[in-house]
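Below is the file data.cif, which contains mmCIF, C-alpha atoms and all ligand atoms.
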```cif
data_run
loop_
_atom_site.label_atom_id
_atom_site.label_comp_id
_atom_site.auth_asym_id
_atom_site.auth_seq_id
_atom_site.Cartn_x
_atom_site.Cartn_y
_atom_site.Cartn_z
CA MET A 389 -20.33 -48.10 -54.98
CA ASP A 390 -20.25 -44.67 -53.32
CA PHE A 391 -17.10 -42.57 -53.66
CA ARG A 392 -18.45 -39.65 -51.62
CA LEU A 393 -16.91 -38.86 -48.26
CA THR A 394 -19.30 -38.94 -45.31
CA GLU A 395 -20.20 -35.72 -43.50
CA GLU A 396 -17.73 -36.57 -40.69
CA GLN A 397 -14.94 -37.38 -43.15
CA THR A 398 -15.51 -34.11 -45.00
CA MET A 399 -15.54 -32.21 -41.72
CA ILE A 400 -12.22 -33.71 -40.56
CA ARG A 401 -10.60 -33.08 -43.95
CA ASP A 402 -11.76 -29.45 -43.98
CA MET A 403 -10.68 -28.92 -40.37
CA ALA A 404 -7.18 -30.28 -41.13
CA ARG A 405 -6.99 -28.25 -44.34
CA LYS A 406 -7.90 -25.03 -42.51
CA PHE A 407 -5.44 -25.74 -39.67
CA ALA A 408 -2.61 -26.54 -42.09
CA HIS A 409 -3.34 -23.45 -44.19
CA ASP A 410 -4.02 -20.92 -41.41
CA VAL A 411 -1.65 -22.10 -38.66
CA VAL A 412 1.16 -24.19 -40.16
CA ALA A 413 1.70 -22.60 -43.58
CA PRO A 414 2.65 -19.11 -42.33
CA GLN A 415 5.32 -20.63 -40.04
CA VAL A 416 6.64 -23.45 -42.17
CA LYS A 417 9.70 -21.66 -43.52
CA ALA A 418 10.71 -20.36 -40.09
CA ILE A 419 10.18 -23.83 -38.61
CA GLU A 420 12.32 -25.34 -41.36
CA GLU A 421 15.11 -22.88 -40.56
CA ALA A 422 14.83 -23.47 -36.81
CA GLY A 423 14.78 -27.26 -37.35
CA GLU A 424 12.25 -27.69 -34.52
CA TYR A 425 8.51 -27.81 -34.26
CA PRO A 426 7.05 -25.29 -31.79
CA TYR A 427 5.14 -27.32 -29.21
CA GLU A 428 2.19 -24.95 -29.54
CA ILE A 429 1.48 -26.48 -32.94
CA LEU A 430 1.40 -29.98 -31.47
CA GLU A 431 -0.82 -28.72 -28.64
CA GLN A 432 -3.21 -27.16 -31.13
CA MET A 433 -3.32 -30.42 -33.10
CA ALA A 434 -4.13 -32.24 -29.87
CA GLU A 435 -6.88 -29.77 -29.01
CA LEU A 436 -8.44 -30.39 -32.42
CA GLY A 437 -8.38 -34.11 -31.66
CA MET A 438 -6.01 -34.95 -34.54
CA MET A 439 -3.86 -37.39 -32.54
CA GLY A 440 -6.72 -39.75 -31.72
CA ILE A 441 -9.13 -39.63 -34.65
CA PRO A 442 -9.67 -43.40 -35.18
CA PHE A 443 -9.72 -44.54 -31.53
CA PRO A 444 -12.74 -45.04 -29.27
CA GLU A 445 -13.84 -42.21 -27.02
CA LYS A 446 -13.24 -44.38 -23.95
CA TYR A 447 -9.51 -44.09 -24.69
CA GLY A 448 -9.70 -40.37 -25.38
CA GLY A 449 -10.09 -40.74 -29.14
CA GLY A 450 -12.53 -39.21 -31.58
CA GLY A 451 -14.44 -42.39 -32.40
CA GLY A 452 -13.74 -41.79 -36.09
CA ASP A 453 -12.19 -43.98 -38.77
CA TRP A 454 -8.92 -44.52 -40.63
CA VAL A 455 -10.22 -42.75 -43.72
CA GLU A 456 -10.61 -39.59 -41.62
CA MET A 457 -7.16 -40.07 -40.11
CA HIS A 458 -5.53 -40.35 -43.52
CA LEU A 459 -7.41 -37.40 -44.97
CA CYS A 460 -5.95 -35.43 -42.05
CA ILE A 461 -2.43 -36.72 -42.83
CA GLU A 462 -2.84 -35.73 -46.49
CA GLU A 463 -3.92 -32.18 -45.60
CA LEU A 464 -1.07 -31.66 -43.11
CA SER A 465 1.46 -33.04 -45.60
CA ARG A 466 0.20 -30.67 -48.28
CA VAL A 467 1.75 -27.93 -46.16
CA ASP A 468 4.43 -29.89 -44.28
CA MET A 469 5.21 -33.56 -44.75
CA SER A 470 7.07 -33.66 -41.40
CA LEU A 471 3.81 -33.11 -39.54
CA GLY A 472 2.14 -35.88 -41.53
CA ALA A 473 5.04 -38.18 -40.60
CA LEU A 474 4.88 -37.23 -36.92
CA LEU A 475 1.19 -38.11 -36.86
CA ASP A 476 1.75 -41.31 -38.82
CA VAL A 477 4.27 -42.58 -36.25
CA THR A 478 2.55 -41.55 -33.04
CA THR A 479 -1.05 -42.37 -34.01
CA GLY A 480 -0.83 -44.70 -36.99
CA LEU A 481 1.88 -46.93 -35.54
CA ILE A 482 2.28 -46.52 -31.78
CA ALA A 483 -1.28 -45.78 -30.65
CA GLN A 484 -2.53 -48.50 -32.95
CA GLU A 485 -0.04 -51.08 -31.66
CA LEU A 486 -1.01 -50.28 -28.06
CA TYR A 487 -4.70 -50.38 -28.93
CA GLU A 488 -4.57 -53.66 -30.84
CA PHE A 489 -2.12 -55.61 -28.69
CA GLY A 490 -1.85 -53.84 -25.33
CA THR A 491 -3.31 -54.96 -22.00
CA GLU A 492 -5.91 -52.73 -20.38
CA ASP A 493 -3.23 -51.45 -17.96
CA GLN A 494 -0.92 -50.55 -20.85
CA LYS A 495 -3.78 -48.76 -22.62
CA GLN A 496 -4.62 -46.74 -19.53
CA LYS A 497 -1.00 -45.86 -18.90
CA TRP A 498 0.33 -45.08 -22.39
CA LEU A 499 -2.40 -45.18 -25.03
CA ILE A 500 -4.69 -42.54 -23.53
CA PRO A 501 -2.05 -39.76 -23.19
CA ILE A 502 -0.88 -40.42 -26.77
CA VAL A 503 -4.39 -40.42 -28.19
CA GLN A 504 -5.11 -37.20 -26.30
CA GLY A 505 -1.95 -35.68 -27.78
CA LYS A 506 -0.37 -35.04 -24.39
CA LYS A 507 2.43 -37.48 -25.22
CA ILE A 508 4.11 -38.70 -28.40
CA GLY A 509 5.26 -42.24 -29.23
CA ALA A 510 8.18 -43.68 -31.21
CA PHE A 511 8.57 -46.90 -33.20
CA GLY A 512 11.85 -48.79 -32.87
CA LEU A 513 12.59 -51.34 -35.55
CA THR A 514 15.63 -50.24 -37.58
CA GLU A 515 19.20 -51.03 -36.53
CA SER A 516 22.55 -50.59 -38.29
CA ASP A 517 22.45 -54.17 -39.63
CA ALA A 518 18.67 -54.57 -39.65
CA GLY A 519 17.03 -52.16 -42.10
CA SER A 520 14.93 -53.80 -44.81
CA ASP A 521 15.86 -57.09 -43.15
CA ALA A 522 14.23 -55.99 -39.91
CA GLY A 523 14.17 -59.54 -38.55
CA ALA A 524 17.97 -59.43 -38.31
CA THR A 525 17.66 -57.38 -35.13
CA LYS A 526 20.61 -57.73 -32.74
CA THR A 527 18.92 -56.05 -29.80
CA THR A 528 18.31 -58.62 -27.08
CA ALA A 529 15.87 -58.90 -24.19
CA ILE A 530 16.68 -61.41 -21.48
CA LEU A 531 14.28 -62.24 -18.69
CA ASP A 532 15.92 -61.81 -15.30
CA GLY A 533 13.43 -62.55 -12.53
CA ASP A 534 10.62 -60.03 -12.87
CA GLU A 535 12.44 -57.83 -15.33
CA TRP A 536 13.56 -57.79 -18.96
CA VAL A 537 17.11 -56.62 -19.53
CA ILE A 538 17.53 -54.95 -22.92
CA ASN A 539 20.77 -54.33 -24.80
CA GLY A 540 21.18 -52.94 -28.32
CA THR A 541 20.90 -49.83 -30.49
CA LYS A 542 18.06 -48.68 -32.72
CA GLN A 543 18.71 -46.05 -35.37
CA PHE A 544 16.84 -43.43 -37.42
CA ILE A 545 14.06 -43.21 -34.81
CA THR A 546 11.38 -40.60 -35.44
CA ASN A 547 9.80 -38.59 -32.58
CA ILE A 548 11.82 -39.97 -29.65
CA GLY A 549 13.90 -36.77 -29.51
CA LEU A 550 10.81 -34.67 -28.78
CA ASP A 551 10.48 -33.49 -25.16
CA ASN A 552 6.96 -34.87 -24.92
CA ALA A 553 7.86 -38.35 -26.24
CA SER A 554 6.81 -40.87 -23.59
CA ILE A 555 7.70 -44.30 -24.95
CA ILE A 556 9.37 -46.26 -27.68
CA ILE A 557 8.03 -49.66 -28.73
CA ILE A 558 10.97 -51.79 -29.85
CA THR A 559 11.61 -55.25 -31.21
CA ALA A 560 14.22 -57.43 -29.49
CA LYS A 561 15.37 -61.03 -29.73
CA VAL A 562 14.53 -63.16 -26.75
CA THR A 563 15.73 -66.51 -25.49
CA PRO A 564 14.88 -69.37 -25.47
CA LYS A 565 14.92 -70.17 -29.15
CA THR A 566 11.74 -71.17 -30.95
CA LYS A 567 11.15 -74.71 -32.23
CA VAL A 568 12.67 -73.80 -35.60
CA GLY A 569 15.87 -72.79 -33.86
CA LYS A 570 15.62 -69.05 -34.46
CA PRO A 571 15.43 -66.71 -31.48
CA ALA A 572 11.91 -65.30 -31.21
CA ILE A 573 11.35 -61.57 -31.50
CA ASN A 574 9.08 -59.80 -29.05
CA THR A 575 7.99 -56.19 -28.75
CA PHE A 576 8.58 -54.17 -25.61
CA ILE A 577 7.43 -50.82 -24.31
CA VAL A 578 10.36 -48.79 -23.02
CA PRO A 579 9.43 -45.52 -21.32
CA LYS A 580 11.73 -42.58 -21.97
CA GLY A 581 13.76 -41.88 -18.86
CA THR A 582 14.22 -45.57 -17.97
CA ARG A 583 17.73 -46.13 -16.62
CA GLY A 584 19.92 -47.68 -19.31
CA PHE A 585 17.92 -46.10 -22.17
CA THR A 586 19.68 -43.14 -23.78
CA VAL A 587 18.37 -41.03 -26.63
CA GLY A 588 21.52 -40.60 -28.72
CA LYS A 589 22.58 -38.24 -31.48
CA ARG A 590 20.06 -36.44 -33.62
CA TYR A 591 20.75 -37.01 -37.32
CA ASN A 592 21.30 -34.14 -39.75
CA LYS A 593 19.19 -34.80 -42.83
CA MET A 594 18.83 -33.48 -46.38
CA ALA A 595 15.06 -33.24 -45.83
CA VAL A 596 12.36 -33.18 -43.14
CA HIS A 597 14.75 -31.35 -40.80
CA ARG A 598 11.90 -30.55 -38.42
CA LEU A 599 11.23 -34.22 -37.82
CA ALA A 600 13.33 -35.32 -34.83
CA THR A 601 15.29 -38.44 -35.86
CA ASN A 602 17.60 -39.95 -33.25
CA GLU A 603 19.57 -43.01 -32.26
CA CYS A 604 18.36 -44.99 -29.21
CA ILE A 605 20.83 -46.89 -27.05
CA PHE A 606 19.88 -49.60 -24.55
CA GLU A 607 22.58 -50.67 -22.09
CA ASP A 608 21.43 -53.12 -19.43
CA CYS A 609 18.10 -51.35 -19.55
CA HIS A 610 15.72 -52.98 -17.05
CA ILE A 611 11.98 -52.86 -17.60
CA PRO A 612 9.27 -54.75 -15.69
CA LYS A 613 8.19 -58.12 -17.09
CA SER A 614 4.73 -56.67 -17.77
CA TYR A 615 6.13 -54.20 -20.35
CA ILE A 616 6.16 -56.87 -23.04
CA LEU A 617 3.54 -55.86 -25.65
CA GLY A 618 1.19 -58.50 -27.00
CA LYS A 619 1.84 -62.18 -27.31
CA GLN A 620 5.16 -63.95 -26.61
CA ASP A 621 7.03 -64.76 -29.85
CA ARG A 622 4.49 -62.80 -31.94
CA GLY A 623 6.09 -59.39 -31.47
CA PHE A 624 7.71 -59.19 -34.87
CA ALA A 625 4.48 -60.08 -36.67
CA GLN A 626 2.61 -57.48 -34.58
CA HIS A 627 5.15 -54.76 -35.33
CA LEU A 628 4.97 -55.55 -39.06
CA ALA A 629 1.16 -55.69 -39.00
CA VAL A 630 0.87 -52.08 -37.84
CA LEU A 631 3.25 -51.08 -40.63
CA ASN A 632 0.42 -51.83 -43.07
CA THR A 633 -1.33 -48.78 -41.66
CA GLY A 634 1.93 -46.82 -41.82
CA ARG A 635 2.09 -47.60 -45.51
CA ILE A 636 -1.38 -46.16 -46.07
CA SER A 637 -0.13 -43.08 -44.21
CA ILE A 638 2.90 -42.75 -46.49
CA GLY A 639 0.48 -42.97 -49.43
CA ALA A 640 -1.53 -40.10 -47.93
CA MET A 641 1.62 -38.07 -47.13
CA SER A 642 2.82 -38.52 -50.70
CA VAL A 643 -0.52 -37.35 -52.10
CA GLY A 644 -0.30 -34.26 -49.84
CA LEU A 645 3.21 -33.50 -51.12
CA ALA A 646 2.21 -34.06 -54.76
CA GLN A 647 -0.86 -31.86 -54.29
CA ALA A 648 1.42 -29.08 -53.02
CA CYS A 649 3.58 -29.55 -56.15
CA PHE A 650 0.46 -29.32 -58.30
CA ASP A 651 -0.87 -26.20 -56.51
CA ALA A 652 2.47 -24.40 -56.90
CA SER A 653 2.94 -25.49 -60.52
CA LEU A 654 -0.51 -24.48 -61.73
CA LYS A 655 -0.26 -21.05 -60.12
CA TYR A 656 3.26 -20.43 -61.37
CA ALA A 657 2.59 -21.68 -64.90
CA LYS A 658 -0.41 -19.37 -65.26
CA GLU A 659 1.57 -16.35 -64.00
CA ARG A 660 4.98 -16.82 -65.59
CA VAL A 661 5.16 -15.24 -69.03
CA GLN A 662 7.74 -16.24 -71.65
CA PHE A 663 7.56 -15.67 -75.40
CA GLY A 664 4.69 -13.27 -74.65
CA LYS A 665 2.42 -15.95 -73.15
CA PRO A 666 1.88 -17.68 -69.80
CA ILE A 667 3.98 -20.82 -69.91
CA TYR A 668 0.79 -22.81 -69.17
CA SER A 669 -0.19 -22.19 -72.81
CA PHE A 670 2.74 -24.41 -73.89
CA GLN A 671 1.78 -28.07 -73.97
CA GLY A 672 5.26 -29.03 -72.76
CA VAL A 673 4.24 -27.42 -69.47
CA SER A 674 0.48 -27.97 -69.25
CA PHE A 675 0.74 -31.71 -70.06
CA LYS A 676 3.09 -32.14 -67.09
CA ILE A 677 0.46 -30.53 -64.88
CA ALA A 678 -2.34 -32.62 -66.44
CA ASP A 679 -0.40 -35.81 -65.68
CA MET A 680 0.23 -34.60 -62.15
CA ALA A 681 -3.49 -34.02 -61.55
CA MET A 682 -4.42 -37.45 -62.93
CA ASN A 683 -1.79 -39.31 -60.92
CA ILE A 684 -2.71 -37.50 -57.70
CA GLU A 685 -6.33 -38.54 -58.20
CA LEU A 686 -5.26 -42.14 -58.72
CA ALA A 687 -2.93 -42.20 -55.70
CA ARG A 688 -5.60 -40.58 -53.50
CA ASN A 689 -8.11 -43.25 -54.50
CA MET A 690 -5.52 -45.91 -53.68
CA TYR A 691 -4.83 -44.77 -50.12
CA LEU A 692 -8.52 -44.11 -49.46
CA LYS A 693 -9.41 -47.61 -50.65
CA ALA A 694 -6.74 -49.17 -48.41
CA ALA A 695 -8.01 -47.13 -45.43
CA TRP A 696 -11.60 -48.10 -46.23
CA LEU A 697 -10.63 -51.79 -46.30
CA LYS A 698 -8.98 -51.37 -42.91
CA ASP A 699 -12.07 -49.63 -41.52
CA ASN A 700 -14.15 -52.57 -42.73
CA ASN A 701 -11.81 -55.16 -41.17
CA MET A 702 -10.87 -56.52 -44.57
CA PRO A 703 -7.36 -57.62 -45.64
CA HIS A 704 -5.45 -54.57 -46.85
CA ALA A 705 -1.72 -55.42 -46.88
CA LEU A 706 -1.60 -55.51 -50.68
CA GLU A 707 -3.57 -52.29 -51.12
CA ALA A 708 -1.45 -50.54 -48.44
CA SER A 709 1.70 -51.46 -50.38
CA TYR A 710 0.12 -50.29 -53.65
CA ALA A 711 -0.81 -46.98 -52.02
CA LYS A 712 2.68 -46.44 -50.60
CA LEU A 713 4.63 -47.54 -53.64
CA PHE A 714 2.56 -45.77 -56.26
CA GLY A 715 2.00 -42.69 -54.09
CA SER A 716 5.65 -42.15 -53.20
CA GLU A 717 6.94 -42.73 -56.73
CA MET A 718 4.21 -40.47 -58.10
CA ALA A 719 5.24 -37.75 -55.60
CA GLU A 720 8.84 -37.92 -56.73
CA LYS A 721 7.77 -37.37 -60.35
CA ALA A 722 5.43 -34.53 -59.30
CA ALA A 723 8.24 -32.83 -57.34
CA SER A 724 10.66 -33.19 -60.25
CA ASP A 725 8.15 -31.78 -62.75
CA ALA A 726 7.17 -28.97 -60.37
CA LEU A 727 10.80 -27.91 -60.08
CA GLN A 728 11.26 -28.10 -63.86
CA ILE A 729 8.18 -25.92 -64.40
CA HIS A 730 9.64 -23.30 -62.03
CA GLY A 731 12.91 -23.21 -64.02
CA GLY A 732 15.78 -21.53 -62.17
CA TYR A 733 13.40 -20.18 -59.53
CA GLY A 734 12.70 -23.79 -58.53
CA ILE A 735 16.30 -24.17 -57.40
CA MET A 736 16.03 -21.07 -55.20
CA ASP A 737 14.93 -21.60 -51.63
CA ASP A 738 12.43 -18.73 -51.94
CA TYR A 739 10.07 -21.12 -53.68
CA PRO A 740 8.77 -24.15 -51.76
CA VAL A 741 9.27 -26.54 -54.69
CA SER A 742 12.95 -26.92 -53.79
CA ARG A 743 11.82 -28.28 -50.39
CA TYR A 744 9.29 -30.60 -52.03
CA TYR A 745 12.05 -31.94 -54.29
CA ARG A 746 14.30 -32.69 -51.30
CA GLU A 747 11.51 -34.31 -49.34
CA CYS A 748 9.94 -36.47 -52.03
CA LYS A 749 12.47 -39.31 -51.57
CA VAL A 750 11.55 -39.91 -47.94
CA GLY A 751 8.33 -41.73 -48.80
CA GLN A 752 10.22 -44.23 -50.96
CA ILE A 753 12.49 -45.24 -48.09
CA VAL A 754 10.71 -45.17 -44.74
CA GLU A 755 8.50 -48.03 -43.53
CA GLY A 756 9.77 -50.37 -46.24
CA THR A 757 11.57 -49.14 -49.36
CA SER A 758 10.02 -49.26 -52.83
CA GLU A 759 11.93 -52.49 -53.48
CA ILE A 760 10.48 -54.05 -50.32
CA GLN A 761 6.97 -52.96 -51.38
CA ARG A 762 7.48 -54.76 -54.70
CA ILE A 763 8.48 -57.87 -52.75
CA VAL A 764 5.36 -57.59 -50.56
CA ILE A 765 3.16 -57.08 -53.62
CA SER A 766 4.66 -59.94 -55.62
CA ARG A 767 4.31 -62.30 -52.63
CA ASN A 768 0.62 -61.38 -52.36
CA LEU A 769 -0.20 -62.08 -56.00
C1 LIG B 801 13.63 -39.84 -42.06
C2 LIG B 801 13.62 -41.26 -41.61
C3 LIG B 801 12.85 -41.63 -40.52
C4 LIG B 801 12.85 -42.97 -40.08
N1 LIG B 801 12.10 -43.28 -38.98
C5 LIG B 801 12.17 -44.56 -38.49
C6 LIG B 801 11.50 -44.90 -37.27
O1 LIG B 801 10.82 -44.09 -36.64
N2 LIG B 801 11.63 -46.17 -36.79
C7 LIG B 801 12.36 -47.12 -37.45
O2 LIG B 801 12.43 -48.25 -36.95
N3 LIG B 801 13.00 -46.82 -38.61
C8 LIG B 801 12.93 -45.57 -39.14
N4 LIG B 801 13.58 -45.26 -40.31
C9 LIG B 801 14.35 -46.29 -40.98
C10 LIG B 801 13.76 -46.77 -42.30
O3 LIG B 801 12.58 -47.49 -42.07
C11 LIG B 801 14.85 -47.57 -43.02
O4 LIG B 801 15.82 -46.63 -43.45
C12 LIG B 801 14.32 -48.38 -44.19
O5 LIG B 801 13.51 -49.43 -43.76
C13 LIG B 801 15.46 -48.96 -45.07
O6 LIG B 801 16.43 -49.58 -44.30
P1 LIG B 801 17.99 -49.17 -44.54
O7 LIG B 801 18.08 -47.71 -44.47
O8 LIG B 801 18.82 -49.97 -43.60
O9 LIG B 801 18.30 -49.61 -46.03
P2 LIG B 801 18.75 -51.08 -46.54
O10 LIG B 801 17.83 -52.11 -46.01
O11 LIG B 801 20.20 -51.25 -46.27
O12 LIG B 801 18.52 -50.95 -48.10
C14 LIG B 801 19.47 -50.36 -48.99
C15 LIG B 801 18.95 -50.57 -50.40
O13 LIG B 801 18.90 -51.98 -50.69
C16 LIG B 801 17.60 -52.33 -51.12
N5 LIG B 801 17.27 -53.69 -50.67
C17 LIG B 801 17.42 -54.23 -49.44
N6 LIG B 801 16.98 -55.48 -49.42
C18 LIG B 801 16.51 -55.76 -50.67
C19 LIG B 801 15.91 -56.90 -51.29
N7 LIG B 801 15.67 -58.02 -50.62
N8 LIG B 801 15.57 -56.80 -52.60
C20 LIG B 801 15.78 -55.66 -53.30
N9 LIG B 801 16.34 -54.55 -52.75
C21 LIG B 801 16.70 -54.59 -51.47
C22 LIG B 801 16.69 -51.30 -50.45
O14 LIG B 801 15.42 -51.22 -51.10
C23 LIG B 801 17.52 -50.04 -50.59
O15 LIG B 801 17.36 -49.51 -51.87
C24 LIG B 801 13.59 -43.93 -40.77
C25 LIG B 801 14.35 -43.57 -41.89
C26 LIG B 801 14.37 -42.25 -42.31
C27 LIG B 801 15.19 -41.88 -43.51
#
```
Written form, structure tokens:
Amino acid sequence: MDFRLTEEQTMIRDMARKFAHDVVAPQVKAIEEAGEYPYEILEQMAELGMMGIPFPEKYGGGGGDWVEMHLCIEELSRVDMSLGALLDVTTGLIAQELYEFGTEDQKQKWLIPIVQGKKIGAFGLTESDAGSDAGATKTTAILDGDEWVINGTKQFITNIGLDNASIIIITAKVTPKTKVGKPAINTFIVPKGTRGFTVGKRYNKMAVHRLATNECIFEDCHIPKSYILGKQDRGFAQHLAVLNTGRISIGAMSVGLAQACFDASLKYAKERVQFGKPIYSFQGVSFKIADMAMNIELARNMYLKAAWLKDNNMPHALEASYAKLFGSEMAEKAASDALQIHGGYGIMDDYPVSRYYRECKVGQIVEGTSEIQRIVISRNL
């Protein structure tokens, strides 16, 4: 067994680390206050090839692997989890779904610009009555001649509010019913700007303000018959299959966030003096940081193993859920301990740990809550 990263993997990790540190970190507070990502940052990420790391060069990608992609997500999230999430959705979910299930025409039209970072994609699963129970979707798609007519509303949709978002891939119920009597669910590509598709309100959030999260409304929205993605009646399974990769990404994002908590805590604990000594000399403080370091190492190994399994075409649903569940719960503990170590200063917005504390819950909710991960894990045992 060889735990070392390859030369390419090390190179991508170091490139992402340098970009996050040199370019994103100095702006992160201003971006947080503005609530918007400057497009120059996304353009720079595209120029560095970050949006297409694991896809073949013939589609504009870097010809790399999913380990590299997730190392990149970890490094971005160490400075700003929103950027890790943006990359997770556009590359991990949307580009992957197009690559795995799309026709050659669909790849040429939508995959290449996303992989090149010229466009951004959005993933439409959640509805007001279909959250964890995503199969309860009420959105419908009815075939009318050569067109699908879509009606329904998706909520909490990441990325679609960005000006350079090109498409959303959604699930919708179709008729006729399947043999078991349930309406089948298919996936559809809906380009932004299609008549009948409105990007609705942007949500105000307690965390990840910079991440655009909007409602999407479909009212008699007509798309060509060819915009169905993948096989008839298999759309739901396809959409869920790519979520396995999303769960590895949440594992990597959580490790990035926890690493930021560790970095801030170690520095602060060695500088802050109380009772005539740096607080790091008190075991009540240093043991928290020791636990943080150990758990980060464990969570990092978990997401890297899941990504490695994916790269080797091996089953990885269980390991992806482990990585997400353990990683996100570990990050919450790291953020809580980091804030505690900073005392009253941790509550003040001048220190980034208050942001980490607000953001640490996101990983336990998106792409399948912690409870849903426990269901996935227990069903796989
Ligand atoms: C910042 C953000 C970005 C998002 N981006 C997207 C996106 O781009 N695309 C998209 O489609 N969705 C997105 N979502 C939605 C997200 O995936 C859902 O919020 C999530 O799946 C949970 O669904 P819900 O909010 O409806 O909660 P619910 O499903 O209503 O769950 C409420 C509570 O009940 C628990 N629960 C539910 N069922 C069970 C069960 N069977 N057993 C035990 N406990 C259960 C849950 O774990 C949770 O604790 C985003 C959400 C957020 C917060």
request  = Just the residues within 12 Å of Arg405 in chain A, please, counting only C-alpha atoms, with nothing from its chain fewer than 6 positions along; format it as a PyMOL selection string.
outcome  = chain A and resi 398-399+411-413+438+459-468+644
As lines of an AutoDock Vina configuration file, please: the centre and edge lengths in Å, to one decimal, of an axis-aligned box enclosing every listed atom of ligand LIG 801 (chain B) with 4 Å added on each side.
```
center_x = 15.5
center_y = -48.9
center_z = -45.0
size_x = 17.4
size_y = 26.2
size_z = 24.7
```
query = Could you list, as JSON, numbers by chain, all the residues within 7 Å of ligand LIG 801 (chain B), counting all atoms listed in the file?
reply = {"A": [477, 510, 511, 512, 513, 514, 516, 517, 518, 519, 520, 521, 543, 544, 545, 546, 547, 596, 601, 750, 753, 754, 755, 756, 757, 758, 759, 760]}
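Across A:Thr582, A:Thr527, A:Gln671, A:Gln761, the tightest approach to Leu713 in chain A is made by A:Gln761 when counting all atoms listed in the file.
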query = Quick one: residues within 12 Å of Arg688 in chain A, only C-alpha atoms counted, chain neighbours fewer than 2 positions away excluded, as a PyMOL selection string?
reply = chain A and resi 391+455+458-459+461-463+636-647+681-686+690-695+708+710-712+714-716+718-719
Any chance you can output those residues with C-alpha atoms as a PDB file, in the coordinates of the input?
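Everything below was put into out-v4.pdb:
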```pdb
ATOM      1  CA  PHE A 391     -17.100 -42.570 -53.660  1.00  0.00           C
ATOM      2  CA  VAL A 455     -10.220 -42.750 -43.720  1.00  0.00           C
ATOM      3  CA  HIS A 458      -5.530 -40.350 -43.520  1.00  0.00           C
ATOM      4  CA  LEU A 459      -7.410 -37.400 -44.970  1.00  0.00           C
ATOM      5  CA  ILE A 461      -2.430 -36.720 -42.830  1.00  0.00           C
ATOM      6  CA  GLU A 462      -2.840 -35.730 -46.490  1.00  0.00           C
ATOM      7  CA  GLU A 463      -3.920 -32.180 -45.600  1.00  0.00           C
ATOM      8  CA  ILE A 636      -1.380 -46.160 -46.070  1.00  0.00           C
ATOM      9  CA  SER A 637      -0.130 -43.080 -44.210  1.00  0.00           C
ATOM     10  CA  ILE A 638       2.900 -42.750 -46.490  1.00  0.00           C
ATOM     11  CA  GLY A 639       0.480 -42.970 -49.430  1.00  0.00           C
ATOM     12  CA  ALA A 640      -1.530 -40.100 -47.930  1.00  0.00           C
ATOM     13  CA  MET A 641       1.620 -38.070 -47.130  1.00  0.00           C
ATOM     14  CA  SER A 642       2.820 -38.520 -50.700  1.00  0.00           C
ATOM     15  CA  VAL A 643      -0.520 -37.350 -52.100  1.00  0.00           C
ATOM     16  CA  GLY A 644      -0.300 -34.260 -49.840  1.00  0.00           C
ATOM     17  CA  LEU A 645       3.210 -33.500 -51.120  1.00  0.00           C
ATOM     18  CA  ALA A 646       2.210 -34.060 -54.760  1.00  0.00           C
ATOM     19  CA  GLN A 647      -0.860 -31.860 -54.290  1.00  0.00           C
ATOM     20  CA  ALA A 681      -3.490 -34.020 -61.550  1.00  0.00           C
ATOM     21  CA  MET A 682      -4.420 -37.450 -62.930  1.00  0.00           C
ATOM     22  CA  ASN A 683      -1.790 -39.310 -60.920  1.00  0.00           C
ATOM     23  CA  ILE A 684      -2.710 -37.500 -57.700  1.00  0.00           C
ATOM     24  CA  GLU A 685      -6.330 -38.540 -58.200  1.00  0.00           C
ATOM     25  CA  LEU A 686      -5.260 -42.140 -58.720  1.00  0.00           C
ATOM     26  CA  MET A 690      -5.520 -45.910 -53.680  1.00  0.00           C
ATOM     27  CA  TYR A 691      -4.830 -44.770 -50.120  1.00  0.00           C
ATOM     28  CA  LEU A 692      -8.520 -44.110 -49.460  1.00  0.00           C
ATOM     29  CA  LYS A 693      -9.410 -47.610 -50.650  1.00  0.00           C
ATOM     30  CA  ALA A 694      -6.740 -49.170 -48.410  1.00  0.00           C
ATOM     31  CA  ALA A 695      -8.010 -47.130 -45.430  1.00  0.00           C
ATOM     32  CA  ALA A 708      -1.450 -50.540 -48.440  1.00  0.00           C
ATOM     33  CA  TYR A 710       0.120 -50.290 -53.650  1.00  0.00           C
ATOM     34  CA  ALA A 711      -0.810 -46.980 -52.020  1.00  0.00           C
ATOM     35  CA  LYS A 712       2.680 -46.440 -50.600  1.00  0.00           C
ATOM     36  CA  PHE A 714       2.560 -45.770 -56.260  1.00  0.00           C
ATOM     37  CA  GLY A 715       2.000 -42.690 -54.090  1.00  0.00           C
ATOM     38  CA  SER A 716       5.650 -42.150 -53.200  1.00  0.00           C
ATOM     39  CA  MET A 718       4.210 -40.470 -58.100  1.00  0.00           C
ATOM     40  CA  ALA A 719       5.240 -37.750 -55.600  1.00  0.00           C
TER      41      ALA A 719
END
```
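In terms of minimum interatomic distance to Met457 in chain A, A:Met403 ranks closest within A:Met403, A:Cys609, A:Val764, A:Ile500, counting only C-alpha atoms.
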ask   = Which of these, A:Asp534, A:Glu420, A:Asp402, A:Glu485, has the shortest distance to Ala595 in chain A once you count only C-alpha atoms?
value = A:Glu420
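Closest approach to Ala483 in chain A among A:Ser653, A:Gln432, A:Thr394, A:Ser554: A:Ser554, based on only C-alpha atoms.
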For CA of Ile763 in chain A and CA of Gly634 in chain A, the interatomic separation in Å (one decimal) = 16.9 Å
request  = Could you tell me how far CA of Ile667 in chain A lies from CA of Arg746 in chain A, in Å and to one decimal?
outcome  = 24.4 Å
